[in-house]
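Containing TSV, C-alpha atoms: upload.tsv.
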```
chain	number	residue	atom	x	y	z
A	3	ARG	CA	-9.30	-51.89	5.09
A	4	LEU	CA	-12.10	-54.36	4.48
A	5	PRO	CA	-10.82	-57.42	2.52
A	6	ARG	CA	-13.39	-57.00	-0.28
A	7	LYS	CA	-12.33	-53.37	-0.82
A	8	LEU	CA	-8.64	-54.25	-0.68
A	9	ASN	CA	-9.11	-57.02	-3.28
A	10	ARG	CA	-11.05	-54.64	-5.49
A	11	ILE	CA	-8.19	-52.13	-5.39
A	12	ARG	CA	-5.61	-54.80	-6.19
A	13	LYS	CA	-7.72	-56.14	-9.05
A	14	ASN	CA	-8.44	-52.80	-10.71
A	15	THR	CA	-5.06	-51.13	-10.14
A	16	PRO	CA	-2.34	-53.81	-10.38
A	17	ASN	CA	0.41	-51.20	-10.76
A	18	ARG	CA	-0.73	-49.00	-7.91
A	19	ASN	CA	2.03	-47.04	-6.17
A	20	ASP	CA	1.25	-45.35	-2.88
A	21	ASN	CA	4.50	-43.36	-2.90
A	22	ARG	CA	5.04	-40.06	-4.62
A	23	THR	CA	8.00	-39.97	-6.97
A	24	ILE	CA	9.84	-37.22	-8.84
A	25	VAL	CA	9.45	-37.85	-12.55
A	26	ASN	CA	11.03	-34.73	-13.97
A	27	VAL	CA	13.03	-31.63	-12.95
A	28	ILE	CA	12.75	-28.46	-15.01
A	29	GLU	CA	15.13	-25.57	-14.40
A	30	ARG	CA	13.52	-22.14	-14.23
A	31	ILE	CA	15.65	-19.09	-14.89
A	32	SER	CA	15.53	-16.60	-12.02
A	33	VAL	CA	13.96	-13.26	-12.95
A	34	PRO	CA	15.29	-10.15	-11.17
A	35	VAL	CA	12.71	-8.34	-9.08
A	36	ARG	CA	12.84	-5.24	-6.97
A	37	CYS	CA	11.37	-5.62	-3.50
A	38	ILE	CA	12.12	-2.60	-1.31
A	39	GLN	CA	12.36	-2.78	2.45
A	40	VAL	CA	14.21	-0.24	4.56
A	41	SER	CA	14.03	0.19	8.31
A	42	HIS	CA	13.30	3.90	8.48
A	43	PRO	CA	10.76	5.80	10.59
A	44	SER	CA	9.51	7.91	7.67
A	45	HIS	CA	10.34	6.44	4.28
A	46	LEU	CA	8.07	7.36	1.37
A	47	TYR	CA	8.01	5.21	-1.77
A	48	LEU	CA	6.54	6.57	-4.99
A	49	ALA	CA	6.06	3.88	-7.62
A	50	GLY	CA	4.01	3.33	-10.75
A	51	LYS	CA	1.31	0.64	-10.70
A	52	GLU	CA	3.45	-1.93	-12.51
A	53	LEU	CA	6.69	-1.36	-10.59
A	54	ILE	CA	5.97	-3.88	-7.88
A	55	PRO	CA	2.91	-5.88	-9.00
A	56	THR	CA	2.43	-7.79	-5.75
A	57	HIS	CA	5.54	-7.03	-3.76
A	58	ASN	CA	4.31	-3.81	-2.19
A	59	THR	CA	1.46	-5.76	-0.60
A	60	ARG	CA	3.79	-8.63	0.26
A	61	LEU	CA	6.34	-6.23	1.74
A	62	ALA	CA	3.79	-4.60	4.04
A	63	ALA	CA	2.28	-7.96	5.01
A	64	GLU	CA	5.75	-9.27	5.89
A	65	MET	CA	6.37	-6.21	8.05
A	66	VAL	CA	3.09	-6.76	9.91
A	67	LYS	CA	3.95	-10.43	10.46
A	68	GLU	CA	7.50	-9.69	11.62
A	69	ARG	CA	6.47	-6.94	14.02
A	70	ALA	CA	3.62	-9.01	15.46
A	71	GLU	CA	5.63	-12.22	15.91
A	72	SER	CA	8.65	-10.44	17.40
A	73	GLY	CA	6.47	-8.74	20.01
A	74	GLN	CA	7.41	-5.28	18.75
A	75	ALA	CA	3.80	-4.62	17.81
A	76	LYS	CA	0.73	-5.65	19.79
A	77	ARG	CA	-1.84	-3.13	18.56
A	78	ILE	CA	-1.71	-2.85	14.77
A	79	ALA	CA	-3.87	-0.69	12.49
A	80	LEU	CA	-4.85	-1.98	9.04
A	81	ILE	CA	-6.35	0.80	6.91
A	82	ALA	CA	-7.66	0.59	3.34
A	83	PRO	CA	-10.20	2.56	1.27
A	84	ARG	CA	-13.03	0.12	2.17
A	85	TYR	CA	-13.57	-2.85	4.47
A	86	GLN	CA	-13.68	-5.18	1.47
A	87	ASP	CA	-10.19	-3.99	0.51
A	88	VAL	CA	-8.77	-4.83	3.92
A	89	GLU	CA	-10.25	-8.31	3.87
A	90	LYS	CA	-9.72	-9.23	0.21
A	91	ILE	CA	-6.25	-7.70	-0.25
A	92	MET	CA	-4.50	-7.01	3.05
A	93	ILE	CA	-5.70	-10.08	4.95
A	94	TYR	CA	-6.83	-12.76	2.48
A	95	GLY	CA	-5.15	-11.53	-0.72
A	96	GLU	CA	-2.64	-13.72	-2.57
A	97	SER	CA	0.13	-11.60	-1.05
A	98	GLY	CA	-1.78	-10.71	2.13
A	99	ILE	CA	-1.07	-11.57	5.73
A	100	MET	CA	-2.76	-14.99	5.71
A	101	SER	CA	-0.66	-16.13	2.73
A	102	LEU	CA	2.48	-15.92	4.88
A	103	TYR	CA	1.34	-18.60	7.33
A	104	PRO	CA	0.72	-22.36	7.15
A	105	LYS	CA	-3.00	-23.10	7.55
A	106	ASN	CA	-2.63	-24.44	11.09
A	107	SER	CA	-0.82	-21.37	12.41
A	108	ARG	CA	-2.64	-18.50	10.73
A	109	PRO	CA	-4.03	-15.58	12.74
A	110	ARG	CA	-7.79	-15.68	13.31
A	111	TYR	CA	-9.90	-12.97	11.73
A	112	ILE	CA	-13.33	-12.19	13.21
A	113	ALA	CA	-15.19	-10.01	10.74
A	114	ASN	CA	-17.89	-8.69	13.08
A	115	LYS	CA	-15.20	-7.45	15.47
A	116	LYS	CA	-13.02	-6.19	12.62
A	117	THR	CA	-10.02	-7.67	14.38
A	118	LEU	CA	-7.21	-10.04	13.40
A	119	TYR	CA	-5.95	-12.10	16.34
A	120	PHE	CA	-2.36	-13.43	16.28
A	121	LYS	CA	-1.49	-16.51	18.30
A	122	ASN	CA	0.96	-14.61	20.53
A	123	GLY	CA	-1.70	-12.13	21.64
A	124	ALA	CA	-1.02	-9.32	19.15
A	125	GLU	CA	-4.09	-7.83	17.50
A	126	ALA	CA	-4.66	-5.94	14.24
A	127	TYR	CA	-7.68	-3.66	13.93
A	128	VAL	CA	-9.44	-2.84	10.66
A	129	TYR	CA	-10.24	0.76	9.65
A	130	THR	CA	-11.20	2.45	6.40
A	131	GLY	CA	-10.70	5.72	4.60
A	132	GLN	CA	-14.49	6.13	4.59
A	133	GLU	CA	-14.85	6.37	8.38
A	134	PRO	CA	-12.01	8.44	9.86
A	135	GLU	CA	-13.86	8.96	13.15
A	136	THR	CA	-13.27	5.31	14.09
A	137	LEU	CA	-9.58	6.23	14.49
A	138	ARG	CA	-10.37	8.70	17.23
A	139	GLY	CA	-9.15	7.22	20.52
A	140	PRO	CA	-7.47	3.84	19.73
A	141	GLN	CA	-3.69	3.73	20.16
A	142	HIS	CA	-1.32	1.74	17.95
A	143	ASP	CA	2.32	0.75	17.74
A	144	PHE	CA	2.33	-0.20	14.05
A	145	ALA	CA	0.14	0.50	11.03
A	146	TRP	CA	-0.24	-0.44	7.39
A	147	LEU	CA	-2.05	2.08	5.17
A	148	ASP	CA	-2.85	0.55	1.78
A	149	GLU	CA	-3.84	2.66	-1.26
A	150	ALA	CA	-3.97	5.75	0.93
A	151	ALA	CA	-4.42	8.02	-2.09
A	152	ALA	CA	-7.84	6.42	-2.66
A	153	TYR	CA	-9.22	7.22	0.81
A	154	ASP	CA	-12.40	9.27	0.75
A	155	TYR	CA	-11.15	11.32	3.71
A	156	LEU	CA	-7.36	11.02	3.63
A	157	ASP	CA	-6.67	14.29	5.45
A	158	GLU	CA	-9.05	13.41	8.27
A	159	VAL	CA	-7.66	9.87	8.54
A	160	TRP	CA	-4.12	11.20	8.78
A	161	GLU	CA	-4.98	13.87	11.33
A	162	LEU	CA	-6.66	11.34	13.65
A	163	PHE	CA	-4.28	8.46	12.99
A	164	VAL	CA	-0.87	10.07	13.52
A	165	PRO	CA	-1.38	11.30	17.13
A	166	ASN	CA	-2.46	7.78	18.15
A	167	LEU	CA	0.57	6.05	16.61
A	168	ARG	CA	2.48	6.46	19.85
A	169	LEU	CA	2.97	3.13	21.60
A	170	GLY	CA	6.55	1.87	21.93
A	171	ASP	CA	8.74	2.11	18.83
A	172	ALA	CA	5.81	3.15	16.66
A	173	GLN	CA	6.11	2.86	12.89
A	174	CYS	CA	3.88	2.69	9.82
A	175	VAL	CA	4.16	1.67	6.19
A	176	ILE	CA	2.13	3.25	3.37
A	177	THR	CA	1.64	1.43	0.06
A	178	THR	CA	-0.09	3.56	-2.56
A	179	THR	CA	-0.07	4.89	-6.09
A	180	PRO	CA	1.09	8.52	-5.93
A	181	LYS	CA	-1.62	11.10	-6.39
A	182	PRO	CA	-1.52	14.85	-5.66
A	183	LYS	CA	-2.72	14.78	-2.06
A	184	LYS	CA	-1.89	17.33	0.62
A	185	VAL	CA	-0.68	14.63	3.03
A	186	PHE	CA	1.96	13.43	0.59
A	187	PHE	CA	3.26	16.93	-0.13
A	188	ASN	CA	3.52	17.59	3.61
A	189	LEU	CA	5.53	14.39	3.98
A	190	LEU	CA	7.92	15.50	1.25
A	191	GLU	CA	8.55	18.73	3.11
A	192	ASN	CA	9.44	16.81	6.27
A	193	ASP	CA	13.23	16.54	6.74
A	194	ARG	CA	12.75	13.11	8.38
A	195	VAL	CA	11.21	11.64	5.24
A	196	VAL	CA	13.40	9.84	2.70
A	197	LEU	CA	12.02	9.62	-0.85
A	198	THR	CA	12.54	6.63	-3.17
A	199	ASN	CA	11.17	6.74	-6.73
A	200	GLY	CA	10.70	3.88	-9.17
A	201	SER	CA	9.23	3.55	-12.65
A	202	SER	CA	7.37	0.74	-14.36
A	203	SER	CA	10.18	0.47	-16.92
A	204	GLU	CA	12.47	-0.83	-14.18
A	205	ASN	CA	10.14	-3.78	-13.71
A	206	VAL	CA	9.50	-4.57	-17.37
A	207	ARG	CA	10.67	-8.20	-16.99
A	208	ASN	CA	7.80	-8.93	-14.63
A	209	ILE	CA	5.06	-7.44	-16.82
A	210	ALA	CA	3.26	-9.35	-19.56
A	211	ALA	CA	4.91	-8.83	-22.95
A	212	GLY	CA	3.64	-5.78	-24.80
A	213	VAL	CA	1.55	-4.36	-21.95
A	214	LEU	CA	3.91	-1.54	-21.07
A	215	GLU	CA	4.33	-0.57	-24.72
A	216	ASP	CA	0.55	-0.54	-25.22
A	217	VAL	CA	-0.02	1.63	-22.15
A	218	LYS	CA	2.71	4.05	-23.19
A	219	PHE	CA	1.18	4.26	-26.67
A	220	ILE	CA	-2.24	5.10	-25.19
A	221	TYR	CA	-1.12	7.67	-22.62
A	222	GLY	CA	2.10	8.94	-24.20
A	223	ASP	CA	3.64	11.88	-22.33
A	224	THR	CA	0.51	12.78	-20.36
A	225	ASP	CA	0.34	13.54	-16.66
A	226	PHE	CA	-1.49	10.26	-16.15
A	227	ALA	CA	1.47	8.35	-17.60
A	228	ALA	CA	3.92	10.25	-15.39
A	229	GLN	CA	1.86	9.42	-12.31
A	230	GLU	CA	0.89	5.81	-13.04
A	231	LEU	CA	3.99	4.59	-14.92
A	232	GLU	CA	6.82	6.73	-13.62
A	233	GLY	CA	5.65	7.01	-10.01
A	234	GLN	CA	5.81	10.80	-10.02
A	235	LEU	CA	3.87	12.87	-7.52
A	236	LEU	CA	2.46	15.70	-9.63
A	237	SER	CA	1.57	18.93	-7.90
A	238	GLU	CA	-0.19	20.46	-10.90
A	239	SER	CA	-1.21	19.79	-14.49
A	240	SER	CA	1.48	20.23	-17.13
A	241	ASP	CA	-1.12	22.23	-19.11
A	242	ALA	CA	-1.76	24.71	-16.31
A	243	ILE	CA	-1.73	28.34	-17.45
A	244	TRP	CA	-0.30	29.47	-14.13
A	245	LYS	CA	2.48	27.54	-12.40
A	246	LYS	CA	2.64	27.33	-8.62
A	247	VAL	CA	6.33	28.19	-8.65
A	248	TRP	CA	5.53	31.47	-10.44
A	249	LEU	CA	3.01	32.44	-7.79
A	250	ASP	CA	5.28	31.46	-4.91
A	251	THR	CA	8.24	33.35	-6.38
A	252	ASN	CA	6.27	36.57	-6.86
A	253	ARG	CA	4.03	36.35	-3.79
A	254	ALA	CA	3.88	39.57	-1.74
A	255	ASP	CA	4.17	38.96	2.01
A	256	ILE	CA	1.80	41.74	3.07
A	257	LEU	CA	1.10	40.48	6.59
A	258	ASN	CA	4.77	40.27	7.56
A	259	ALA	CA	5.96	43.31	5.65
A	260	THR	CA	8.18	45.53	7.77
A	261	GLN	CA	7.50	48.51	5.53
A	262	HIS	CA	4.40	49.72	3.79
A	263	PRO	CA	2.55	47.09	1.76
A	264	PRO	CA	3.43	47.15	-1.93
A	265	LYS	CA	1.22	49.22	-4.21
A	266	PHE	CA	-0.31	47.32	-7.08
A	267	THR	CA	-0.64	49.09	-10.42
A	268	LYS	CA	-3.29	46.67	-11.59
A	269	ILE	CA	-5.46	43.99	-10.00
A	270	ILE	CA	-6.95	41.29	-12.24
A	271	VAL	CA	-9.69	38.92	-11.13
A	272	SER	CA	-10.36	35.93	-13.39
A	273	VAL	CA	-13.66	34.07	-13.14
A	274	ASP	CA	-14.59	30.91	-15.06
A	275	PRO	CA	-17.98	31.31	-16.79
```
Encoding of this model in structure tokens:
Amino acid sequence: RLPRKLNRIRKNTPNRNDNRTIVNVIERISVPVRCIQVSHPSHLYLAGKELIPTHNTRLAAEMVKERAESGQAKRIALIAPRYQDVEKIMIYGESGIMSLYPKNSRPRYIANKKTLYFKNGAEAYVYTGQEPETLRGPQHDFAWLDEAAAYDYLDEVWELFVPNLRLGDAQCVITTTPKPKKVFFNLLENDRVVLTNGSSSENVRNIAAGVLEDVKFIYGDTDFAAQELEGQLLSESSDAIWKKVWLDTNRADILNATQHPPKFTKIIVSVDP
């Protein structure tokens, strides 16, 4: 340094210390959390919004990082309801992919190419639930679908995405709040799918005091509470006049009937005004 600047520092800060020192140590009690990760080709998790506040995003981001760095995945699909969601949550979010890396070793995201470039050559491509046609053609070996229940065209996305998830040991992870969507019900009927449920009550220690009680007071025993807090996938409203199970149990299989079709004594047609 210049002598005049050095003398100024010494004059104004006689007790200056250029070394960092530990002045206090405070013990923090560990709080139990529930972060789920299972290596399974088709594992479906149904969880309320407060069950895993950030860990579902962190879990999926960790899986993307691990698969990319290990070389198991080289062509990854990142799908969210909108482009802003991919960038702000999946890539740059506080639990997103970038948060897992030191600044000097992070992947490079080029927005106009909608591509995330990893240093080992793996690439992650950005898609949205608003534009399913962009999934027609590209092949992938891993995928992360975030908030799939909020896609504008979930059925179309799934129909175009699944056939192209075919490179190597292909796998995908879906992180979403459960909503009554056809795709989810089809998954539940698949023998290869394992279902894990979790409720917000199981994660009460990681939620601000009083929030869960307030929400339960507002929504009570409604379907919304069952879906959002208990992580239940509801197929119909609890107030429905006709239950699906009743219709399925009493459905007449006319097309495959080996004998004469059943004769109905009365046919009722109900029309909403």
- Quick one: everything within 9 Å of range 119-126 of chain A, counting all atoms listed in the file, minus sequence neighbours fewer than 4 positions away in the same chain. Send it as a list of chain:residue names.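 So the residues in contact are A:Val66, A:Ala70, A:Glu71, A:Gly73, A:Ala75, A:Lys76, A:Arg77, A:Ile78, A:Ala79, A:Leu80, A:Ser107, A:Arg108, A:Pro109, A:Arg110, A:Tyr111, A:Ile112, A:Ala145.
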With C-alpha atoms retained, export the selected residues as a tab-separated table (two decimals), in the frame of the given file.
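Below is the file selection-v9.tsv, written as the result:
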```
chain	number	residue	atom	x	y	z
A	66	VAL	CA	3.09	-6.76	9.91
A	70	ALA	CA	3.62	-9.01	15.46
A	71	GLU	CA	5.63	-12.22	15.91
A	73	GLY	CA	6.47	-8.74	20.01
A	75	ALA	CA	3.80	-4.62	17.81
A	76	LYS	CA	0.73	-5.65	19.79
A	77	ARG	CA	-1.84	-3.13	18.56
A	78	ILE	CA	-1.71	-2.85	14.77
A	79	ALA	CA	-3.87	-0.69	12.49
A	80	LEU	CA	-4.85	-1.98	9.04
A	107	SER	CA	-0.82	-21.37	12.41
A	108	ARG	CA	-2.64	-18.50	10.73
A	109	PRO	CA	-4.03	-15.58	12.74
A	110	ARG	CA	-7.79	-15.68	13.31
A	111	TYR	CA	-9.90	-12.97	11.73
A	112	ILE	CA	-13.33	-12.19	13.21
A	145	ALA	CA	0.14	0.50	11.03
```
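Considering the residues A:Ser97, A:Thr23, A:Gln86, A:Asn106 and counting all atoms listed in the file, Val128 in chain A has its shortest atom-to-atom contact with A:Gln86.
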- Query: In Å to one decimal, how far is CA of Ala62 in chain A from CA of Leu147 in chain A?
  - Reply: 8.9 Å
- Message: Need the shell around range 88-95 of chain A: protein/DNA/RNA residues with any atom at most 8 Å away, counting all atoms listed in the file. Skip same-chain ones fewer than 6 positions apart. Format as an MDAnalysis selection string?
- Response: chainID A and resid 59 63 80:82 101 128 148
Selected residues written out with C-alpha atoms, as a compact mmCIF listing (two decimals), in the frame of the given file:
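As a result, selection-v2.txt now contains:
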```txt
# COMPACT_ATOMS: atom_id res chain seq x y z
CA THR A 59 1.46 -5.76 -0.60
CA ALA A 63 2.28 -7.96 5.01
CA LEU A 80 -4.85 -1.98 9.04
CA ILE A 81 -6.35 0.80 6.91
CA ALA A 82 -7.66 0.59 3.34
CA SER A 101 -0.66 -16.13 2.73
CA VAL A 128 -9.44 -2.84 10.66
CA ASP A 148 -2.85 0.55 1.78
```
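Proximity of A:Ser272, A:Tyr129, A:Lys218, A:Leu162 to Trp244 in chain A, computed with all atoms listed in the file, is greatest for A:Ser272.
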- Item | Best match for closeness to Leu102 in chain A among A:Tyr127, A:Arg60, A:Val25, A:Arg138, counting all atoms listed in the file | A:Arg60
- In Å, how far is it from CA of Thr179 in chain A to CA of Asn58 in chain A?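 Result for CA of Thr179 in chain A versus CA of Asn58 in chain A: 10.5 Å, one decimal.
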Might you pull out every residue within 7 Å of Cys174 in chain A, with only C-alpha atoms counted and same-chain residues fewer than 2 positions away left off, and present them as a short mmCIF file (atom, residue, chain, number, x, y, z; two decimals) with C-alpha atoms, in the coordinates of the input?
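This is the output file result26.cif:
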```
data_model
loop_
_atom_site.label_atom_id
_atom_site.label_comp_id
_atom_site.auth_asym_id
_atom_site.auth_seq_id
_atom_site.Cartn_x
_atom_site.Cartn_y
_atom_site.Cartn_z
CA PHE A 144 2.33 -0.20 14.05
CA ALA A 145 0.14 0.50 11.03
CA TRP A 146 -0.24 -0.44 7.39
CA ILE A 176 2.13 3.25 3.37
#
```
- Note on the structure: One residue among A:Thr177, A:Gln74, A:Thr251, A:Thr130 is nearest to Leu61 in chain A when using only C-alpha atoms, and that residue is A:Thr177
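Closest approach to Ala151 in chain A among A:Val27, A:Val185, A:Ala172, A:Ile243: A:Val185, based on all atoms listed in the file.
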Atom completion result for range 131-142 of chain A (all heavy atoms) as a PDB file, keeping the file's coordinate frame:
```
ATOM      1  N   GLY A 131     -10.781   4.313   4.954  1.00  0.00           N
ATOM      2  CA  GLY A 131     -10.700   5.720   4.600  1.00  0.00           C
ATOM      3  C   GLY A 131     -12.055   6.377   4.477  1.00  0.00           C
ATOM      4  O   GLY A 131     -12.152   7.579   4.234  1.00  0.00           O
ATOM      5  N   GLN A 132     -13.131   5.597   4.651  1.00  0.00           N
ATOM      6  CA  GLN A 132     -14.490   6.130   4.590  1.00  0.00           C
ATOM      7  C   GLN A 132     -14.986   6.591   5.960  1.00  0.00           C
ATOM      8  O   GLN A 132     -15.924   7.387   6.033  1.00  0.00           O
ATOM      9  CB  GLN A 132     -15.450   5.075   4.040  1.00  0.00           C
ATOM     10  CG  GLN A 132     -15.169   4.672   2.601  1.00  0.00           C
ATOM     11  CD  GLN A 132     -16.084   3.560   2.130  1.00  0.00           C
ATOM     12  OE1 GLN A 132     -16.338   2.601   2.861  1.00  0.00           O
ATOM     13  NE2 GLN A 132     -16.586   3.667   0.912  1.00  0.00           N
ATOM     14  N   GLU A 133     -14.377   6.067   7.027  1.00  0.00           N
ATOM     15  CA  GLU A 133     -14.850   6.370   8.380  1.00  0.00           C
ATOM     16  C   GLU A 133     -13.687   6.789   9.277  1.00  0.00           C
ATOM     17  O   GLU A 133     -13.239   6.042  10.150  1.00  0.00           O
ATOM     18  CB  GLU A 133     -15.542   5.139   8.978  1.00  0.00           C
ATOM     19  CG  GLU A 133     -16.751   4.674   8.187  1.00  0.00           C
ATOM     20  CD  GLU A 133     -17.362   3.401   8.749  1.00  0.00           C
ATOM     21  OE1 GLU A 133     -16.655   2.667   9.487  1.00  0.00           O
ATOM     22  OE2 GLU A 133     -18.534   3.145   8.472  1.00  0.00           O
ATOM     23  N   PRO A 134     -13.159   7.986   9.074  1.00  0.00           N
ATOM     24  CA  PRO A 134     -12.010   8.440   9.860  1.00  0.00           C
ATOM     25  C   PRO A 134     -12.281   8.544  11.355  1.00  0.00           C
ATOM     26  O   PRO A 134     -11.370   8.382  12.168  1.00  0.00           O
ATOM     27  CB  PRO A 134     -11.687   9.813   9.256  1.00  0.00           C
ATOM     28  CG  PRO A 134     -12.948  10.251   8.578  1.00  0.00           C
ATOM     29  CD  PRO A 134     -13.594   9.002   8.094  1.00  0.00           C
ATOM     30  N   GLU A 135     -13.545   8.779  11.731  1.00  0.00           N
ATOM     31  CA  GLU A 135     -13.860   8.960  13.150  1.00  0.00           C
ATOM     32  C   GLU A 135     -13.571   7.708  13.981  1.00  0.00           C
ATOM     33  O   GLU A 135     -13.380   7.794  15.190  1.00  0.00           O
ATOM     34  CB  GLU A 135     -15.328   9.362  13.302  1.00  0.00           C
ATOM     35  CG  GLU A 135     -15.624  10.796  12.910  1.00  0.00           C
ATOM     36  CD  GLU A 135     -14.912  11.808  13.802  1.00  0.00           C
ATOM     37  OE1 GLU A 135     -14.822  11.556  15.024  1.00  0.00           O
ATOM     38  OE2 GLU A 135     -14.441  12.829  13.291  1.00  0.00           O
ATOM     39  N   THR A 136     -13.552   6.533  13.336  1.00  0.00           N
ATOM     40  CA  THR A 136     -13.270   5.310  14.090  1.00  0.00           C
ATOM     41  C   THR A 136     -11.825   5.275  14.583  1.00  0.00           C
ATOM     42  O   THR A 136     -11.474   4.455  15.437  1.00  0.00           O
ATOM     43  CB  THR A 136     -13.528   4.065  13.218  1.00  0.00           C
ATOM     44  OG1 THR A 136     -12.721   4.130  12.032  1.00  0.00           O
ATOM     45  CG2 THR A 136     -14.984   3.983  12.828  1.00  0.00           C
ATOM     46  N   LEU A 137     -10.976   6.159  14.055  1.00  0.00           N
ATOM     47  CA  LEU A 137      -9.580   6.230  14.490  1.00  0.00           C
ATOM     48  C   LEU A 137      -9.402   7.145  15.691  1.00  0.00           C
ATOM     49  O   LEU A 137      -8.301   7.254  16.233  1.00  0.00           O
ATOM     50  CB  LEU A 137      -8.691   6.718  13.335  1.00  0.00           C
ATOM     51  CG  LEU A 137      -8.410   5.684  12.245  1.00  0.00           C
ATOM     52  CD1 LEU A 137      -7.974   6.373  10.954  1.00  0.00           C
ATOM     53  CD2 LEU A 137      -7.357   4.695  12.705  1.00  0.00           C
ATOM     54  N   ARG A 138     -10.464   7.799  16.086  1.00  0.00           N
ATOM     55  CA  ARG A 138     -10.370   8.700  17.230  1.00  0.00           C
ATOM     56  C   ARG A 138     -10.355   7.883  18.528  1.00  0.00           C
ATOM     57  O   ARG A 138     -11.333   7.220  18.867  1.00  0.00           O
ATOM     58  CB  ARG A 138     -11.552   9.664  17.250  1.00  0.00           C
ATOM     59  CG  ARG A 138     -11.446  10.755  18.306  1.00  0.00           C
ATOM     60  CD  ARG A 138     -12.701  11.605  18.341  1.00  0.00           C
ATOM     61  NE  ARG A 138     -12.958  12.282  17.082  1.00  0.00           N
ATOM     62  CZ  ARG A 138     -12.377  13.429  16.717  1.00  0.00           C
ATOM     63  NH1 ARG A 138     -11.518  14.013  17.543  1.00  0.00           N
ATOM     64  NH2 ARG A 138     -12.659  13.978  15.562  1.00  0.00           N
ATOM     65  N   GLY A 139      -9.240   7.925  19.242  1.00  0.00           N
ATOM     66  CA  GLY A 139      -9.150   7.220  20.520  1.00  0.00           C
ATOM     67  C   GLY A 139      -8.190   6.044  20.546  1.00  0.00           C
ATOM     68  O   GLY A 139      -7.281   6.000  21.377  1.00  0.00           O
ATOM     69  N   PRO A 140      -8.335   5.020  19.655  1.00  0.00           N
ATOM     70  CA  PRO A 140      -7.470   3.840  19.730  1.00  0.00           C
ATOM     71  C   PRO A 140      -6.001   4.198  19.532  1.00  0.00           C
ATOM     72  O   PRO A 140      -5.663   5.062  18.721  1.00  0.00           O
ATOM     73  CB  PRO A 140      -7.971   2.956  18.579  1.00  0.00           C
ATOM     74  CG  PRO A 140      -9.356   3.432  18.298  1.00  0.00           C
ATOM     75  CD  PRO A 140      -9.354   4.891  18.592  1.00  0.00           C
ATOM     76  N   GLN A 141      -5.127   3.527  20.283  1.00  0.00           N
ATOM     77  CA  GLN A 141      -3.690   3.730  20.160  1.00  0.00           C
ATOM     78  C   GLN A 141      -3.062   2.536  19.444  1.00  0.00           C
ATOM     79  O   GLN A 141      -3.537   1.413  19.564  1.00  0.00           O
ATOM     80  CB  GLN A 141      -3.048   3.893  21.539  1.00  0.00           C
ATOM     81  CG  GLN A 141      -3.575   5.075  22.330  1.00  0.00           C
ATOM     82  CD  GLN A 141      -2.865   5.231  23.655  1.00  0.00           C
ATOM     83  OE1 GLN A 141      -1.846   5.904  23.757  1.00  0.00           O
ATOM     84  NE2 GLN A 141      -3.384   4.586  24.680  1.00  0.00           N
ATOM     85  N   HIS A 142      -1.974   2.786  18.723  1.00  0.00           N
ATOM     86  CA  HIS A 142      -1.320   1.740  17.950  1.00  0.00           C
ATOM     87  C   HIS A 142       0.190   1.853  18.055  1.00  0.00           C
ATOM     88  O   HIS A 142       0.720   2.932  18.351  1.00  0.00           O
ATOM     89  CB  HIS A 142      -1.746   1.818  16.484  1.00  0.00           C
ATOM     90  CG  HIS A 142      -3.219   1.860  16.276  1.00  0.00           C
ATOM     91  ND1 HIS A 142      -3.925   3.029  16.083  1.00  0.00           N
ATOM     92  CD2 HIS A 142      -4.146   0.864  16.255  1.00  0.00           C
ATOM     93  CE1 HIS A 142      -5.204   2.768  15.949  1.00  0.00           C
ATOM     94  NE2 HIS A 142      -5.376   1.460  16.043  1.00  0.00           N
TER      95      HIS A 142
END
```
